[in-house]
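Enquirer: Next up, final13.pdb (PDB, C-alpha atoms).
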```pdb
MODEL        1
ATOM      1  CA  MET B  12     -30.425 103.441-180.250
ATOM      2  CA  LYS B  13     -34.205 103.276-180.239
ATOM      3  CA  LYS B  14     -34.227 102.752-184.016
ATOM      4  CA  LYS B  15     -31.742  99.915-183.604
ATOM      5  CA  ASN B  16     -33.962  98.206-180.997
ATOM      6  CA  ASN B  17     -37.040  98.633-183.199
ATOM      7  CA  LEU B  18     -35.162  97.179-186.150
ATOM      8  CA  MET B  19     -34.007  94.225-184.026
ATOM      9  CA  LEU B  20     -37.573  93.687-182.782
ATOM     10  CA  ILE B  21     -38.944  93.719-186.345
ATOM     11  CA  LEU B  22     -36.240  91.308-187.549
ATOM     12  CA  PHE B  23     -36.923  89.025-184.599
ATOM     13  CA  ALA B  24     -40.667  89.062-185.360
ATOM     14  CA  LEU B  25     -40.038  88.307-189.052
ATOM     15  CA  PHE B  26     -37.664  85.500-188.120
ATOM     16  CA  PHE B  27     -40.285  84.042-185.786
ATOM     17  CA  VAL B  28     -43.034  84.220-188.428
ATOM     18  CA  PHE B  29     -40.958  82.579-191.161
ATOM     19  CA  SER B  30     -39.457  79.922-188.905
ATOM     20  CA  CYS B  31     -42.854  78.413-188.031
ATOM     21  CA  LYS B  32     -43.405  75.216-189.928
ATOM     22  CA  LYS B  33     -46.708  74.670-191.639
ATOM     23  CA  GLU B  34     -48.292  71.321-190.753
ATOM     24  CA  ASN B  35     -48.610  68.873-193.631
ATOM     25  CA  THR B  36     -52.317  68.147-194.156
ATOM     26  CA  GLU B  37     -51.848  65.583-196.937
ATOM     27  CA  VAL B  38     -53.852  62.356-196.556
ATOM     28  CA  SER B  39     -51.663  59.300-195.998
ATOM     29  CA  ASP B  40     -51.763  56.255-198.284
ATOM     30  CA  LEU B  41     -53.244  54.227-195.442
ATOM     31  CA  GLU B  42     -56.138  56.680-195.088
ATOM     32  CA  LYS B  43     -56.714  56.576-198.849
ATOM     33  CA  LEU B  44     -56.913  52.767-198.717
ATOM     34  CA  ARG B  45     -59.241  52.773-195.722
ATOM     35  CA  ASN B  46     -61.665  55.100-197.488
ATOM     36  CA  ASN B  47     -61.504  53.342-200.862
ATOM     37  CA  LYS B  48     -64.772  51.564-201.657
ATOM     38  CA  ASN B  49     -64.486  50.857-205.411
ATOM     39  CA  THR B  50     -67.355  53.278-206.007
ATOM     40  CA  ILE B  51     -65.630  55.544-208.509
ATOM     41  CA  SER B  52     -67.181  55.278-211.934
ATOM     42  CA  TYR B  53     -65.634  56.381-215.189
ATOM     43  CA  PRO B  54     -67.467  57.942-218.134
ATOM     44  CA  VAL B  55     -67.640  55.750-221.237
ATOM     45  CA  THR B  56     -66.788  58.680-223.507
ATOM     46  CA  LYS B  57     -63.324  58.840-221.956
ATOM     47  CA  MET B  58     -62.767  55.104-222.333
ATOM     48  CA  ASP B  59     -62.437  54.937-226.110
ATOM     49  CA  SER B  60     -58.702  54.667-225.697
ATOM     50  CA  ALA B  61     -56.926  51.404-224.905
ATOM     51  CA  GLN B  62     -54.422  53.417-222.893
ATOM     52  CA  ALA B  63     -57.168  54.646-220.558
ATOM     53  CA  ILE B  64     -58.483  51.105-220.033
ATOM     54  CA  ASN B  65     -54.929  49.924-219.281
ATOM     55  CA  SER B  66     -54.495  52.700-216.742
ATOM     56  CA  ILE B  67     -57.763  52.000-214.920
ATOM     57  CA  THR B  68     -57.159  48.243-214.930
ATOM     58  CA  LYS B  69     -53.669  48.726-213.503
ATOM     59  CA  GLN B  70     -55.059  51.084-210.848
ATOM     60  CA  LYS B  71     -57.746  48.580-209.775
ATOM     61  CA  ILE B  72     -55.238  45.707-209.619
ATOM     62  CA  GLN B  73     -52.888  47.840-207.508
ATOM     63  CA  GLU B  74     -55.718  48.894-205.168
ATOM     64  CA  LEU B  75     -56.824  45.278-204.651
ATOM     65  CA  LEU B  76     -53.251  44.162-203.930
ATOM     66  CA  ASP B  77     -52.702  47.095-201.540
ATOM     67  CA  LEU B  78     -55.846  46.209-199.604
ATOM     68  CA  SER B  79     -54.831  42.531-199.591
ATOM     69  CA  THR B  80     -51.361  43.240-198.186
ATOM     70  CA  LEU B  81     -52.879  45.562-195.600
ATOM     71  CA  TYR B  82     -55.328  42.813-194.601
ATOM     72  CA  THR B  83     -52.662  40.087-194.363
ATOM     73  CA  SER B  84     -50.441  42.296-192.214
ATOM     74  CA  GLY B  85     -53.194  42.624-189.588
ATOM     75  CA  ASN B  86     -54.679  40.169-187.082
ATOM     76  CA  ARG B  87     -57.772  39.504-189.263
ATOM     77  CA  ASP B  88     -60.031  39.597-186.250
ATOM     78  CA  THR B  89     -60.506  43.316-185.705
ATOM     79  CA  GLU B  90     -63.281  45.536-186.933
ATOM     80  CA  ILE B  91     -60.993  47.362-189.384
ATOM     81  CA  ASP B  92     -59.930  44.000-190.834
ATOM     82  CA  SER B  93     -63.552  43.112-191.555
ATOM     83  CA  VAL B  94     -64.019  46.505-193.244
ATOM     84  CA  ILE B  95     -60.910  45.934-195.385
ATOM     85  CA  TYR B  96     -62.150  42.453-196.304
ATOM     86  CA  ALA B  97     -65.524  43.858-197.359
ATOM     87  CA  GLN B  98     -63.723  46.471-199.480
ATOM     88  CA  MET B  99     -61.710  43.741-201.192
ATOM     89  CA  GLN B 100     -64.893  41.793-201.945
ATOM     90  CA  SER B 101     -66.438  44.902-203.534
ATOM     91  CA  TYR B 102     -63.872  44.618-206.338
ATOM     92  CA  PHE B 103     -65.479  41.360-207.531
ATOM     93  CA  THR B 104     -68.739  40.784-209.388
ATOM     94  CA  GLU B 105     -69.769  38.102-206.914
ATOM     95  CA  ASN B 106     -69.497  38.414-203.150
ATOM     96  CA  ASP B 107     -67.547  35.153-202.935
ATOM     97  CA  SER B 108     -64.705  34.695-200.455
ATOM     98  CA  ASN B 109     -63.252  31.925-202.639
ATOM     99  CA  LYS B 110     -62.077  34.622-205.064
ATOM    100  CA  LEU B 111     -59.923  36.212-202.346
ATOM    101  CA  LYS B 112     -58.509  33.091-200.687
ATOM    102  CA  PRO B 113     -55.838  32.343-203.345
ATOM    103  CA  ILE B 114     -54.599  35.951-203.259
ATOM    104  CA  LEU B 115     -54.375  36.034-199.472
ATOM    105  CA  LYS B 116     -52.811  32.567-199.305
ATOM    106  CA  GLN B 117     -50.024  33.555-201.696
ATOM    107  CA  LEU B 118     -49.338  36.816-199.858
ATOM    108  CA  ASP B 119     -49.178  34.909-196.564
ATOM    109  CA  SER B 120     -46.885  32.208-197.900
ATOM    110  CA  PHE B 121     -44.373  34.759-199.203
ATOM    111  CA  LYS B 122     -44.826  37.087-196.172
ATOM    112  CA  VAL B 123     -45.473  40.026-198.498
ATOM    113  CA  LYS B 124     -45.544  43.552-197.099
ATOM    114  CA  THR B 125     -46.094  45.439-200.353
ATOM    115  CA  ALA B 126     -46.857  44.628-203.963
ATOM    116  CA  LYS B 127     -46.224  46.723-207.065
ATOM    117  CA  VAL B 128     -47.984  46.175-210.378
ATOM    118  CA  GLY B 129     -45.739  46.477-213.415
ATOM    119  CA  ASN B 130     -46.331  45.926-217.119
ATOM    120  CA  ILE B 131     -49.924  45.293-218.072
ATOM    121  CA  LEU B 132     -51.486  44.003-221.268
ATOM    122  CA  VAL B 133     -55.247  44.172-221.714
ATOM    123  CA  LYS B 134     -56.888  41.951-224.313
ATOM    124  CA  LYS B 135     -60.324  40.740-225.364
ATOM    125  CA  GLU B 136     -61.232  37.162-226.171
ATOM    126  CA  ILE B 137     -64.372  36.068-227.977
ATOM    127  CA  LYS B 138     -65.953  32.866-226.685
ATOM    128  CA  GLY B 139     -69.222  32.068-228.398
ATOM    129  CA  ASN B 140     -71.372  35.200-228.274
ATOM    130  CA  ASP B 141     -69.460  36.679-225.324
ATOM    131  CA  THR B 142     -66.527  39.049-225.380
ATOM    132  CA  LEU B 143     -64.343  38.556-222.302
ATOM    133  CA  ASP B 144     -61.817  41.080-220.992
ATOM    134  CA  PHE B 145     -58.499  39.845-219.625
ATOM    135  CA  ALA B 146     -55.455  41.554-218.163
ATOM    136  CA  LYS B 147     -51.992  40.030-218.098
ATOM    137  CA  PHE B 148     -49.653  41.834-215.723
ATOM    138  CA  ASP B 149     -46.450  41.591-213.706
ATOM    139  CA  VAL B 150     -46.434  42.053-209.955
ATOM    140  CA  GLU B 151     -43.407  42.460-207.711
ATOM    141  CA  TYR B 152     -43.658  41.338-204.084
ATOM    142  CA  PHE B 153     -41.556  42.952-201.356
ATOM    143  CA  ASP B 154     -40.962  41.664-197.821
ATOM    144  CA  TYR B 155     -40.979  43.573-194.528
ATOM    145  CA  ASN B 156     -37.395  44.748-195.157
ATOM    146  CA  ASP B 157     -38.465  46.132-198.565
ATOM    147  CA  LYS B 158     -36.393  43.499-200.345
ATOM    148  CA  LEU B 159     -37.724  42.052-203.587
ATOM    149  CA  ILE B 160     -39.203  38.589-203.073
ATOM    150  CA  GLY B 161     -39.869  38.023-206.746
ATOM    151  CA  LYS B 162     -41.587  39.152-209.904
ATOM    152  CA  PHE B 163     -44.631  37.135-210.933
ATOM    153  CA  GLU B 164     -46.769  37.074-214.048
ATOM    154  CA  LYS B 165     -50.502  37.080-213.309
ATOM    155  CA  ASN B 166     -53.771  37.040-215.235
ATOM    156  CA  ALA B 167     -57.139  38.475-214.287
ATOM    157  CA  GLN B 168     -60.536  38.571-215.921
ATOM    158  CA  TYR B 169     -62.535  41.758-215.455
ATOM    159  CA  MET B 170     -65.701  43.381-216.680
ATOM    160  CA  LEU B 171     -67.029  46.891-217.063
ATOM    161  CA  LYS B 172     -70.662  47.135-215.953
ATOM    162  CA  LEU B 173     -72.753  49.974-217.285
ATOM    163  CA  SER B 174     -73.932  52.277-214.537
ATOM    164  CA  PRO B 175     -75.905  55.150-216.113
ATOM    165  CA  VAL B 176     -76.130  58.319-214.035
ATOM    166  CA  LYS B 177     -78.255  61.330-215.119
ATOM    167  CA  PHE B 178     -78.072  61.092-218.909
ATOM    168  CA  LYS B 179     -74.450  59.947-218.916
ATOM    169  CA  LYS B 180     -73.169  56.505-219.734
ATOM    170  CA  GLU B 181     -70.771  55.432-217.018
ATOM    171  CA  PHE B 182     -69.395  52.095-215.933
ATOM    172  CA  LYS B 183     -67.956  50.392-212.890
ATOM    173  CA  PHE B 184     -64.974  48.066-212.885
ATOM    174  CA  TYR B 185     -65.230  44.564-211.377
ATOM    175  CA  PHE B 186     -62.977  41.520-211.386
ATOM    176  CA  VAL B 187     -64.631  38.299-212.500
ATOM    177  CA  ASP B 188     -61.612  36.237-211.482
ATOM    178  CA  PHE B 189     -58.121  37.082-210.272
ATOM    179  CA  ASP B 190     -54.876  35.149-210.817
ATOM    180  CA  LEU B 191     -56.232  32.836-213.507
ATOM    181  CA  ALA B 192     -54.206  30.122-215.110
ATOM    182  CA  PRO B 193     -53.125  31.329-218.560
ATOM    183  CA  SER B 194     -55.407  30.235-221.374
ATOM    184  CA  LYS B 195     -54.100  27.388-223.484
ATOM    185  CA  ASP B 196     -53.660  27.528-227.211
ATOM    186  CA  SER B 197     -56.525  25.822-228.994
ATOM    187  CA  THR B 198     -54.277  24.232-231.602
ATOM    188  CA  ALA B 199     -53.045  20.751-230.659
ATOM    189  CA  VAL B 200     -49.346  20.045-230.952
ATOM    190  CA  GLY B 201     -48.422  18.672-234.353
ATOM    191  CA  VAL B 202     -51.751  19.482-235.992
ATOM    192  CA  THR B 203     -51.233  21.888-238.873
ATOM    193  CA  LYS B 204     -52.731  22.422-242.285
TER     194      LYS B 204
ENDMDL
END
```
Translate this file's structure into structure tokens.

Expert:
Amino acid sequence: MKKKNNLMLILFALFFVFSCKKENTEVSDLEKLRNNKNTISYPVTKMDSAQAINSITKQKIQELLDLSTLYTSGNRDTEIDSVIYAQMQSYFTENDSNKLKPILKQLDSFKVKTAKVGNILVKKEIKGNDTLDFAKFDVEYFDYNDKLIGKFEKNAQYMLKLSPVKFKKEFKFYFVDFDLAPSKDSTAVGVTK
């Protein structure tokens, strides 16, 4: 009888130990966005591949859109809103609020809750002595009921600024302009040789 009670006590203790749930300590997406400052740099040696540049460009576009939707969903007059706005401005080469206004205006007009970046095509254009980097991408907007508002084709100009750190060549990613009008073909209609 005593062995049976000891066995029951041990089983009860084991049941109690295994039934306790471990708390999930994973950082939420909102916390990741709040702490994102566009300060990550990427080594040049790993950027020889067009696939890597596509991936980083897509990531930066998604981060900017996530911050923008988070900002538009708030009151825009709180301290956290000003921090989010400053984070969004850090994605641009110039600290100019006119770069953000068109993005925020479009998100407001469609009442966008979330945005998802889709296909992306990165290309270089040579204008004079300058080589300019452009990204053409699709973005899907979703409303507060997670219903698709629409799929839009966008263009952005970006640049990679060298940021050397302790004998390593690294760079930082910045947008020059976001949601550009597509470039026009330089050949006039009907003019051929």

Enquirer: Ranking B:Val94, B:Leu191, B:Ala167, B:Leu81 by minimum distance to Leu132 (chain B) and counting only C-alpha atoms, which one comes first?

Expert: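 Closest residue, counting only C-alpha atoms: B:Ala167.
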
Enquirer: So that I can see what lies close to region 106-116 of chain B, please list as a VMD selection string the residues with an atom at most 9 Å from it, counting only C-alpha atoms and leaving out residues fewer than 4 positions away in the same chain.

Expert: chain B and resid 76 79 to 80 82 to 83 96 to 97 99 to 102 120 to 121 187 to 190

Enquirer: Could you please determine the separation between CA of Leu171 (chain B) and CA of Val128 (chain B) in Å, to one decimal place?

Expert: 20.2 Å

Enquirer: So which residues fall inside 9 Å of (-64.2, 39.6, -217.7) if we count only C-alpha atoms? Mind giving them as JSON, numbers by chain?

Expert: {"B": [135, 142, 143, 144, 145, 146, 167, 168, 169, 170, 171, 185, 186, 187, 188]}

Enquirer: How many Å separate CA of Phe103 (chain B) from CA of Lys183 (chain B)?

Expert: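 It comes out at 10.8 Å.
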
Enquirer: Looking at B:Phe184, B:Asp92, B:Asp119, B:Lys138, which one is nearest to Ile67 (chain B), with distances taken over only C-alpha atoms?

Expert: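 Closest candidate: B:Phe184.
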
Enquirer: So how far away is CA of Lys127 (chain B) from CA of Asn156 (chain B), in Å?

Expert: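 Computing the Euclidean distance for CA of Asn156 (chain B) and CA of Lys127 (chain B) yields 15.0 Å.
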
Enquirer: Considering all atoms listed in the file, return as a ChimeraX atom specification whatever protein or nucleic-acid residues lie within 8 Å of Val150 (chain B), sequence-local ones (same chain, fewer than 5 positions apart) excluded.

Expert: /B:126-129,162-165

Enquirer: Kindly indicate which residue among B:Glu181, B:Ser174, B:Ile95, B:Lys122 lies nearest to Leu159 (chain B), using only C-alpha atoms for the distances.

Expert: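 Once distances to Leu159 (chain B) are computed over only C-alpha atoms, the minimum belongs to B:Lys122.
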
Enquirer: Please provide as a ChimeraX atom specification all residues within 9 Å of Ser66 (chain B), with the sequence filter that same-chain residues fewer than 5 positions apart are discarded (counting all atoms listed in the file).

Expert: /B:61,71,131

Enquirer: Looking at B:Leu118, B:Ile137, B:Ile21, B:Ile91, which one is nearest to Tyr152 (chain B), with distances taken over all atoms listed in the file?

Expert: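 Checking each candidate against Tyr152 (chain B), we get B:Leu118 as the closest.
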